[in-house]
$ cat run-v1.cif   # mmCIF, C-alpha atoms and all ligand atoms
data_query
#
loop_
_atom_site.label_atom_id
_atom_site.label_comp_id
_atom_site.auth_asym_id
_atom_site.auth_seq_id
_atom_site.Cartn_x
_atom_site.Cartn_y
_atom_site.Cartn_z
CA MET A 16 -29.05 26.95 23.09
CA ILE A 17 -26.98 28.69 20.43
CA VAL A 18 -26.31 27.17 17.03
CA VAL A 19 -23.59 28.88 15.02
CA LEU A 20 -23.83 28.31 11.26
CA LYS A 21 -20.85 27.98 8.94
CA ASN A 22 -20.11 30.80 6.54
CA GLY A 23 -21.75 30.13 3.20
CA THR A 24 -24.86 28.43 4.62
CA THR A 25 -27.71 29.29 2.27
CA LYS A 26 -31.00 30.85 3.34
CA GLU A 27 -32.84 27.66 2.29
CA GLN A 28 -30.55 25.47 4.43
CA ARG A 29 -31.03 27.81 7.38
CA GLU A 30 -34.78 27.89 6.99
CA SER A 31 -35.08 24.14 6.76
CA LEU A 32 -32.96 23.80 9.92
CA CYS A 33 -35.20 26.31 11.70
CA GLU A 34 -38.27 24.37 10.61
CA TRP A 35 -36.74 21.22 12.05
CA PHE A 36 -36.24 22.97 15.39
CA GLN A 37 -39.74 24.44 15.30
CA ASN A 38 -41.17 20.95 14.72
CA MET A 39 -39.47 19.96 17.99
CA GLY A 40 -41.52 22.68 19.70
CA LEU A 41 -38.66 25.16 19.95
CA SER A 42 -38.79 28.79 18.93
CA THR A 43 -35.92 30.13 16.85
CA HIS A 44 -34.27 33.51 16.82
CA VAL A 45 -31.93 34.20 13.92
CA SER A 46 -29.23 36.82 14.29
CA GLU A 47 -27.15 37.59 11.22
CA GLY A 48 -23.83 39.06 12.27
CA MET A 49 -20.95 40.32 10.19
CA TYR A 50 -19.05 37.03 10.52
CA HIS A 51 -21.56 34.47 11.71
CA THR A 52 -25.21 33.64 11.60
CA ILE A 53 -26.50 32.45 14.91
CA ILE A 54 -29.73 30.60 15.64
CA GLY A 55 -30.91 30.97 19.20
CA LEU A 56 -33.21 28.23 20.43
CA ILE A 57 -35.74 28.87 23.15
CA GLY A 58 -37.75 26.19 24.87
CA ASP A 59 -36.99 22.73 26.18
CA THR A 60 -33.75 21.95 24.36
CA SER A 61 -33.13 18.75 26.35
CA LYS A 62 -34.36 16.68 23.42
CA VAL A 63 -31.88 18.23 20.98
CA ASP A 64 -29.13 15.75 20.13
CA ILE A 65 -26.02 17.95 20.18
CA SER A 66 -23.72 15.39 18.53
CA LEU A 67 -26.18 14.92 15.70
CA LEU A 68 -26.37 18.68 15.21
CA GLU A 69 -22.59 19.05 15.26
CA SER A 70 -22.26 16.43 12.57
CA LEU A 71 -24.31 18.48 10.08
CA SER A 72 -22.19 20.11 7.37
CA ILE A 73 -23.64 23.60 7.88
CA ILE A 74 -23.01 23.76 11.64
CA GLU A 75 -19.93 25.47 13.03
CA SER A 76 -20.67 24.94 16.73
CA VAL A 77 -23.40 24.37 19.29
CA LYS A 78 -23.41 25.92 22.79
CA ARG A 79 -25.79 25.65 25.66
CA ILE A 80 -26.67 28.93 27.36
CA THR A 81 -26.66 28.33 31.05
CA GLU A 82 -27.92 31.78 32.08
CA PRO A 83 -31.68 32.02 32.45
CA PHE A 84 -31.83 35.09 30.21
CA LYS A 85 -31.64 34.19 26.54
CA LYS A 86 -32.75 37.05 24.32
CA ALA A 87 -30.94 39.67 26.39
CA ASN A 88 -27.78 37.52 26.36
CA ARG A 89 -24.80 38.64 24.32
CA LYS A 90 -24.19 35.00 23.39
CA PHE A 91 -27.48 35.13 21.52
CA HIS A 92 -26.49 38.25 19.65
CA GLU A 93 -22.72 38.86 19.49
CA GLU A 94 -22.90 42.37 18.10
CA SER A 95 -24.04 45.24 20.30
CA ALA A 96 -27.60 46.25 19.53
CA ILE A 97 -28.39 49.63 18.04
CA ILE A 98 -31.79 50.97 19.02
CA ASP A 99 -33.37 53.51 16.76
CA ILE A 100 -35.42 56.12 18.59
CA SER A 101 -37.28 58.08 15.98
CA GLY A 102 -34.07 58.44 13.99
CA ARG A 103 -31.65 58.82 16.93
CA LYS A 104 -29.48 55.78 17.45
CA ILE A 105 -28.17 54.42 20.72
CA GLY A 106 -25.76 51.52 21.25
CA ALA A 107 -22.67 50.14 19.49
CA GLY A 108 -20.83 53.46 19.61
CA HIS A 109 -23.92 55.64 19.19
CA PHE A 110 -24.23 57.81 22.29
CA GLN A 111 -27.23 59.84 23.44
CA ILE A 112 -27.83 62.22 26.30
CA ILE A 113 -31.37 62.30 27.62
CA ALA A 114 -32.00 65.49 29.57
CA GLY A 115 -34.90 67.35 31.08
CA PRO A 116 -36.77 67.92 34.30
CA CYS A 117 -37.69 65.23 36.77
CA SER A 118 -41.35 66.25 36.37
CA VAL A 119 -43.19 68.25 33.79
CA GLU A 120 -44.51 71.21 35.81
CA SER A 121 -45.76 73.74 33.28
CA ARG A 122 -45.56 74.67 29.60
CA GLU A 123 -43.11 77.47 30.32
CA GLN A 124 -40.85 75.32 32.51
CA LEU A 125 -40.71 72.50 29.97
CA THR A 126 -40.17 74.58 26.85
CA THR A 127 -37.44 76.67 28.49
CA ILE A 128 -35.58 73.53 29.59
CA ALA A 129 -36.21 71.70 26.31
CA LYS A 130 -34.75 74.52 24.21
CA SER A 131 -31.67 74.88 26.38
CA VAL A 132 -30.84 71.17 26.59
CA LYS A 133 -31.26 70.84 22.85
CA GLU A 134 -28.85 73.70 22.29
CA ALA A 135 -26.36 72.07 24.67
CA GLY A 136 -26.42 68.81 22.72
CA ALA A 137 -29.05 66.58 24.32
CA GLY A 138 -30.47 64.04 21.87
CA LEU A 139 -33.69 63.33 23.75
CA LEU A 140 -35.93 65.21 26.16
CA ARG A 141 -37.11 63.59 29.39
CA GLY A 142 -39.93 64.62 31.69
CA GLY A 143 -42.10 62.73 34.15
CA ALA A 144 -45.86 63.03 33.84
CA PHE A 145 -46.61 60.10 36.16
CA LYS A 146 -44.35 60.31 39.19
CA PRO A 147 -43.65 57.43 41.57
CA ARG A 148 -43.23 59.39 44.83
CA THR A 149 -42.37 57.90 48.18
CA SER A 150 -44.98 60.11 49.86
CA PRO A 151 -48.58 60.20 48.62
CA TYR A 152 -48.68 63.87 49.67
CA ASP A 153 -45.93 64.89 47.23
CA PHE A 154 -46.53 66.15 43.69
CA GLN A 155 -47.65 63.15 41.63
CA GLY A 156 -47.20 64.65 38.15
CA LEU A 157 -49.54 66.32 35.66
CA HIS A 158 -50.56 62.99 34.09
CA ALA A 159 -52.27 63.36 30.67
CA GLU A 160 -51.63 67.11 30.69
CA GLY A 161 -47.91 66.43 31.25
CA ILE A 162 -47.77 64.11 28.24
CA LYS A 163 -49.54 66.77 26.18
CA LEU A 164 -46.91 69.35 27.17
CA LEU A 165 -44.11 66.90 26.33
CA LEU A 166 -45.62 66.39 22.87
CA GLU A 167 -45.75 70.13 22.38
CA ALA A 168 -42.08 70.44 23.37
CA LYS A 169 -41.24 67.59 20.99
CA LYS A 170 -42.95 69.44 18.18
CA GLN A 171 -41.17 72.68 19.00
CA THR A 172 -37.67 71.26 19.38
CA GLY A 173 -37.75 68.08 17.30
CA LEU A 174 -36.37 66.16 20.29
CA PRO A 175 -37.83 62.68 20.81
CA ILE A 176 -39.31 62.34 24.30
CA VAL A 177 -38.89 59.90 27.19
CA SER A 178 -41.48 59.55 29.94
CA GLU A 179 -42.22 57.07 32.68
CA ILE A 180 -45.24 54.76 32.63
CA MET A 181 -46.55 53.48 35.96
CA ASN A 182 -49.75 51.77 34.93
CA ILE A 183 -50.38 49.79 31.78
CA ASN A 184 -53.89 51.26 31.53
CA ASP A 185 -52.19 54.55 30.56
CA LEU A 186 -50.41 52.99 27.55
CA ASP A 187 -52.66 54.75 25.01
CA LEU A 188 -51.44 58.09 26.32
CA PHE A 189 -47.90 57.05 25.32
CA ASP A 190 -48.71 56.52 21.62
CA GLU A 191 -46.49 59.39 20.50
CA VAL A 192 -43.97 59.14 23.34
CA ASP A 193 -40.76 57.88 21.74
CA VAL A 194 -39.32 55.99 24.72
CA VAL A 195 -41.34 54.56 27.58
CA GLN A 196 -39.44 54.54 30.84
CA VAL A 197 -39.96 51.78 33.39
CA GLY A 198 -38.77 53.27 36.65
CA ALA A 199 -36.66 51.58 39.32
CA ARG A 200 -39.73 50.88 41.44
CA ASN A 201 -41.45 49.05 38.61
CA MET A 202 -38.49 47.04 37.34
CA GLN A 203 -40.18 43.86 38.51
CA ASN A 204 -43.75 44.81 37.65
CA PHE A 205 -43.98 41.78 35.43
CA ASP A 206 -47.44 42.53 34.03
CA LEU A 207 -46.22 45.95 32.95
CA LEU A 208 -43.10 44.41 31.37
CA LYS A 209 -45.17 41.78 29.53
CA ALA A 210 -47.54 44.43 28.20
CA LEU A 211 -44.61 46.53 26.92
CA GLY A 212 -43.24 43.37 25.32
CA ARG A 213 -46.33 43.26 23.13
CA THR A 214 -45.50 46.71 21.71
CA GLN A 215 -42.54 47.80 19.61
CA LYS A 216 -41.87 50.91 21.73
CA PRO A 217 -38.30 51.48 22.86
CA VAL A 218 -38.25 50.86 26.62
CA LEU A 219 -35.81 52.48 29.03
CA LEU A 220 -35.59 49.94 31.84
CA LYS A 221 -34.12 51.28 35.07
CA ARG A 222 -32.41 49.02 37.58
CA GLY A 223 -34.37 48.53 40.78
CA LEU A 224 -33.10 50.04 44.00
CA ALA A 225 -32.02 46.67 45.35
CA ASN A 226 -31.84 44.50 42.27
CA THR A 227 -28.93 42.51 40.92
CA LEU A 228 -27.77 42.80 37.34
CA LYS A 229 -29.13 39.34 36.60
CA GLU A 230 -32.54 40.44 37.87
CA LEU A 231 -32.35 43.51 35.63
CA LEU A 232 -31.55 41.28 32.67
CA MET A 233 -34.42 38.94 33.54
CA SER A 234 -36.73 41.96 33.49
CA ALA A 235 -35.37 42.91 30.06
CA GLU A 236 -36.03 39.32 29.06
CA TYR A 237 -39.71 39.70 29.98
CA ILE A 238 -40.01 42.54 27.47
CA MET A 239 -37.96 40.80 24.80
CA ALA A 240 -39.73 37.45 25.21
CA GLY A 241 -42.92 39.19 24.12
CA GLY A 242 -41.26 40.28 20.87
CA ASN A 243 -40.03 43.77 21.74
CA GLU A 244 -36.23 43.82 21.52
CA ASN A 245 -35.95 47.61 21.85
CA VAL A 246 -34.71 47.68 25.42
CA ILE A 247 -32.20 50.15 26.87
CA LEU A 248 -30.80 49.33 30.31
CA CYS A 249 -30.20 52.08 32.85
CA GLU A 250 -27.97 52.03 35.93
CA ARG A 251 -29.36 54.63 38.36
CA GLY A 252 -27.68 53.77 41.62
CA ILE A 253 -28.50 51.12 44.18
CA ARG A 254 -29.19 51.02 47.91
CA THR A 255 -26.14 50.34 50.00
CA PHE A 256 -25.14 51.12 53.60
CA GLU A 257 -23.81 54.49 52.39
CA THR A 258 -26.09 57.44 53.04
CA TYR A 259 -23.90 60.37 51.99
CA THR A 260 -25.30 60.09 48.48
CA ARG A 261 -28.96 59.25 47.71
CA ASN A 262 -27.86 55.93 46.20
CA THR A 263 -24.53 54.37 45.27
CA LEU A 264 -23.65 54.54 41.59
CA ASP A 265 -22.56 51.09 40.48
CA LEU A 266 -20.34 51.97 37.54
CA SER A 267 -19.11 48.42 37.24
CA ALA A 268 -22.66 47.63 36.10
CA VAL A 269 -21.84 49.29 32.78
CA VAL A 270 -18.92 46.97 32.15
CA ALA A 271 -20.70 43.88 33.48
CA LEU A 272 -23.91 44.52 31.52
CA HIS A 273 -21.92 45.05 28.34
CA GLU A 274 -20.21 41.73 28.96
CA LEU A 275 -23.45 39.89 29.65
CA SER A 276 -25.76 41.55 27.17
CA HIS A 277 -25.76 43.24 23.76
CA LEU A 278 -28.31 45.83 24.90
CA PRO A 279 -27.31 49.50 25.26
CA VAL A 280 -26.52 50.63 28.81
CA ILE A 281 -26.97 54.19 29.99
CA VAL A 282 -26.23 55.83 33.34
CA ASP A 283 -28.38 58.23 35.36
CA PRO A 284 -26.00 60.10 37.68
CA SER A 285 -28.82 62.33 38.98
CA HIS A 286 -30.82 59.64 40.82
CA ALA A 287 -27.62 57.75 41.59
CA THR A 288 -26.23 60.55 43.73
CA GLY A 289 -29.09 62.91 44.55
CA LEU A 290 -26.64 65.83 44.53
CA SER A 291 -26.32 68.18 41.58
CA ARG A 292 -22.60 68.81 42.23
CA PHE A 293 -21.91 65.09 41.81
CA VAL A 294 -23.59 64.87 38.43
CA GLU A 295 -20.77 66.26 36.30
CA PRO A 296 -17.90 64.08 37.59
CA LEU A 297 -20.02 60.94 37.50
CA ALA A 298 -21.43 61.68 34.04
CA VAL A 299 -17.87 62.00 32.78
CA ALA A 300 -16.86 58.79 34.59
CA ALA A 301 -19.83 56.90 33.12
CA ALA A 302 -18.91 58.02 29.62
CA ALA A 303 -15.32 56.91 30.24
CA ALA A 304 -16.56 53.52 31.48
CA GLY A 305 -18.24 52.97 28.12
CA ALA A 306 -21.86 53.89 28.80
CA ASP A 307 -23.97 54.29 25.65
CA GLY A 308 -25.67 57.35 27.02
CA LEU A 309 -26.67 59.40 30.04
CA MET A 310 -29.89 60.54 31.60
CA ILE A 311 -29.55 63.84 33.43
CA GLU A 312 -32.16 65.87 35.31
CA VAL A 313 -32.09 69.54 34.36
CA HIS A 314 -34.23 72.31 35.86
CA ASN A 315 -34.30 76.02 35.09
CA ASP A 316 -34.98 76.78 38.77
CA PRO A 317 -33.83 73.78 40.85
CA GLN A 318 -34.68 75.46 44.16
CA ARG A 319 -38.33 75.62 43.22
CA ALA A 320 -38.55 72.26 41.43
CA LEU A 321 -41.60 70.22 42.44
CA CYS A 322 -39.50 67.05 42.44
CA ASP A 323 -35.79 66.20 42.77
CA GLY A 324 -34.51 69.80 42.89
CA PRO A 325 -31.34 68.96 44.90
CA GLN A 326 -30.08 66.67 42.15
CA SER A 327 -31.14 68.83 39.21
CA VAL A 328 -28.48 70.78 37.35
CA THR A 329 -29.18 74.11 35.70
CA PRO A 330 -29.13 74.46 31.90
CA GLU A 331 -25.72 76.19 32.18
CA GLN A 332 -24.30 73.34 34.23
CA PHE A 333 -25.81 70.85 31.81
CA SER A 334 -24.16 72.55 28.89
CA ARG A 335 -20.76 72.20 30.57
CA ILE A 336 -21.43 68.54 31.40
CA ALA A 337 -22.42 67.75 27.80
CA GLU A 338 -19.27 69.45 26.53
CA ARG A 339 -16.96 67.63 28.94
CA VAL A 340 -18.61 64.29 28.15
CA ARG A 341 -18.13 64.99 24.45
CA ARG A 342 -14.44 65.76 25.00
CA VAL A 343 -13.86 62.64 27.10
CA ARG A 344 -15.52 60.45 24.49
CA GLU A 345 -13.48 62.07 21.75
CA ALA A 346 -10.23 61.57 23.69
CA LEU A 347 -11.03 57.91 24.35
CA ALA A 348 -11.90 57.26 20.72
CA GLU A 349 -8.43 58.33 19.57
C1 LIG B 1 -37.00 59.37 37.30
O1 LIG B 1 -36.31 59.09 36.31
O2 LIG B 1 -37.52 60.49 37.48
C2 LIG B 1 -37.18 58.35 38.35
C3 LIG B 1 -38.23 58.37 39.16
O3 LIG B 1 -36.16 57.50 38.38
P1 LIG B 1 -35.98 56.13 39.22
O4 LIG B 1 -37.08 55.23 38.79
O5 LIG B 1 -34.62 55.68 38.80
O6 LIG B 1 -36.04 56.51 40.67
MN MN B 2 -36.40 62.35 39.39
#

$ encode --input "run-v1.cif" --output "structure tokens"
Amino acid sequence: MIVVLKNGTTKEQRESLCEWFQNMGLSTHVSEGMYHTIIGLIGDTSKVDISLLESLSIIESVKRITEPFKKANRKFHEESAIIDISGRKIGAGHFQIIAGPCSVESREQLTTIAKSVKEAGAGLLRGGAFKPRTSPYDFQGLHAEGIKLLLEAKKQTGLPIVSEIMNINDLDLFDEVDVVQVGARNMQNFDLLKALGRTQKPVLLKRGLANTLKELLMSAEYIMAGGNENVILCERGIRTFETYTRNTLDLSAVVALHELSHLPVIVDPSHATGLSRFVEPLAVAAAAAGADGLMIEVHNDPQRALCDGPQSVTPEQFSRIAERVRRVREALAE
């Protein structure tokens, strides 16, 4: 349930109202917007007498939220969220490109890519150290050594880093990782989501291969319900009957998620299409559709990449993509 307070309500009045709700066993979530202050109520609101509430002088309106996701719901938080990643902002007009290899392979590979994507305008560096591979015989990542190399690249370039976690027992290794990625295959690993909810780490939550937007938002809700509101949603393509591309990029997800939620939404055209030549047009399209950022796989030698070579763009191609995305965003802002 959402309770909108009238302008001019004092902090004391608000706090005493919140206390009243808390005494009914409800938890309260206060969001102070530019125009309104909203109190979100979570719990069994069936005992709340709406007419009584509406009759109070400080109440503007009361609405029930029918969707099962509350904290991730835009109704709970009218203004788009801005997530601060070690000083880089994403959301509400702040746009970030996350770029880097699918997997961290070596110090030389990572530092070469990191320097070139930084120069081209990437705001964050990505690299997988724990890789969820379909085949157990494929390269599984460098694990702790991969994280160590990412931290070195972060130190060298100043770029915050993004890396995927597969097992909550590895969380300590992610202490200095700026954004923890939950991959498509783990979108509904509820224990992992709950554990990340107990941290304050920004989480990049990727949509599952066959998950609906509501399911994605319920997964975000798992993290937020634990107290961590730093969630970035990522559309990375879904399974459809089409096989020409690795997945089917659902660009309408950007618009729908922005309607339903205040959380930032980014697009990963690399996993969505599986083809490096598709990355540029779809990155540009995602930016035009209002995405808050992009995640793009970049490799200095895609042919020899240990993972996802066919969808990886070269640093030169990345530089062109970043420039075109910048120009499209600039044109649309006019
Ligand atoms: C990745 O980002 O490297 C990855 C494995 O992505 P996804 O979980 O979307 O397949
Ligand atoms: Mn990949």

$ axis_aligned_box --input "run-v1.cif" --around "region 127-134 of chain A" --padding-each-side "5 Å" --output "lines of an AutoDock Vina configuration file"
center_x = -33.1
center_y = 73.8
center_z = 25.9
size_x = 18.6
size_y = 15.8
size_z = 17.3

$ closest_residue --input "run-v1.cif" --among "A:Gly48, A:Pro279, A:Gly142, A:Gly102" --to "ligand MN 2 (chain B)" --atoms "all atoms listed in the file"
A:Gly142

$ closest_residue --input "run-v1.cif" --among "A:Ser267, A:Ser178, A:Thr43, A:Thr329" --to "Thr127 (chain A)" --atoms "all atoms listed in the file"
A:Thr329

$ atom_distance --input "run-v1.cif" --atom1 "CA of Lys130 (chain A)" --atom2 "CA of Ser291 (chain A)"
20.3 Å

$ residues_near_point --input "run-v1.cif" --point "(-24.6, 59.4, 26.4)" --cutoff "7 Å" --atoms "only C-alpha atoms" --output "list of chain:residue names"
A:Phe110, A:Gln111, A:Ile112, A:Ile281, A:Ala302, A:Ala306, A:Asp307, A:Gly308, A:Leu309

$ atom_distance --input "run-v1.cif" --atom1 "CA of Glu94 (chain A)" --atom2 "CA of Arg213 (chain A)"
24.0 Å

$ residues_around --input "run-v1.cif" --residues "Ala129 (chain A)" --least-positions-apart "6" --cutoff "8 Å" --atoms "all atoms listed in the file" --output "PyMOL selection string"
chain A and resi 115+140+168+172

$ residues_near_ligand --input "run-v1.cif" --ligand "ligand MN 2 (chain B)" --cutoff "8 Å" --atoms "only C-alpha atoms and all ligand atoms" --output "PyMOL selection string"
chain A and resi 116-118+143+285-286+312+322-323
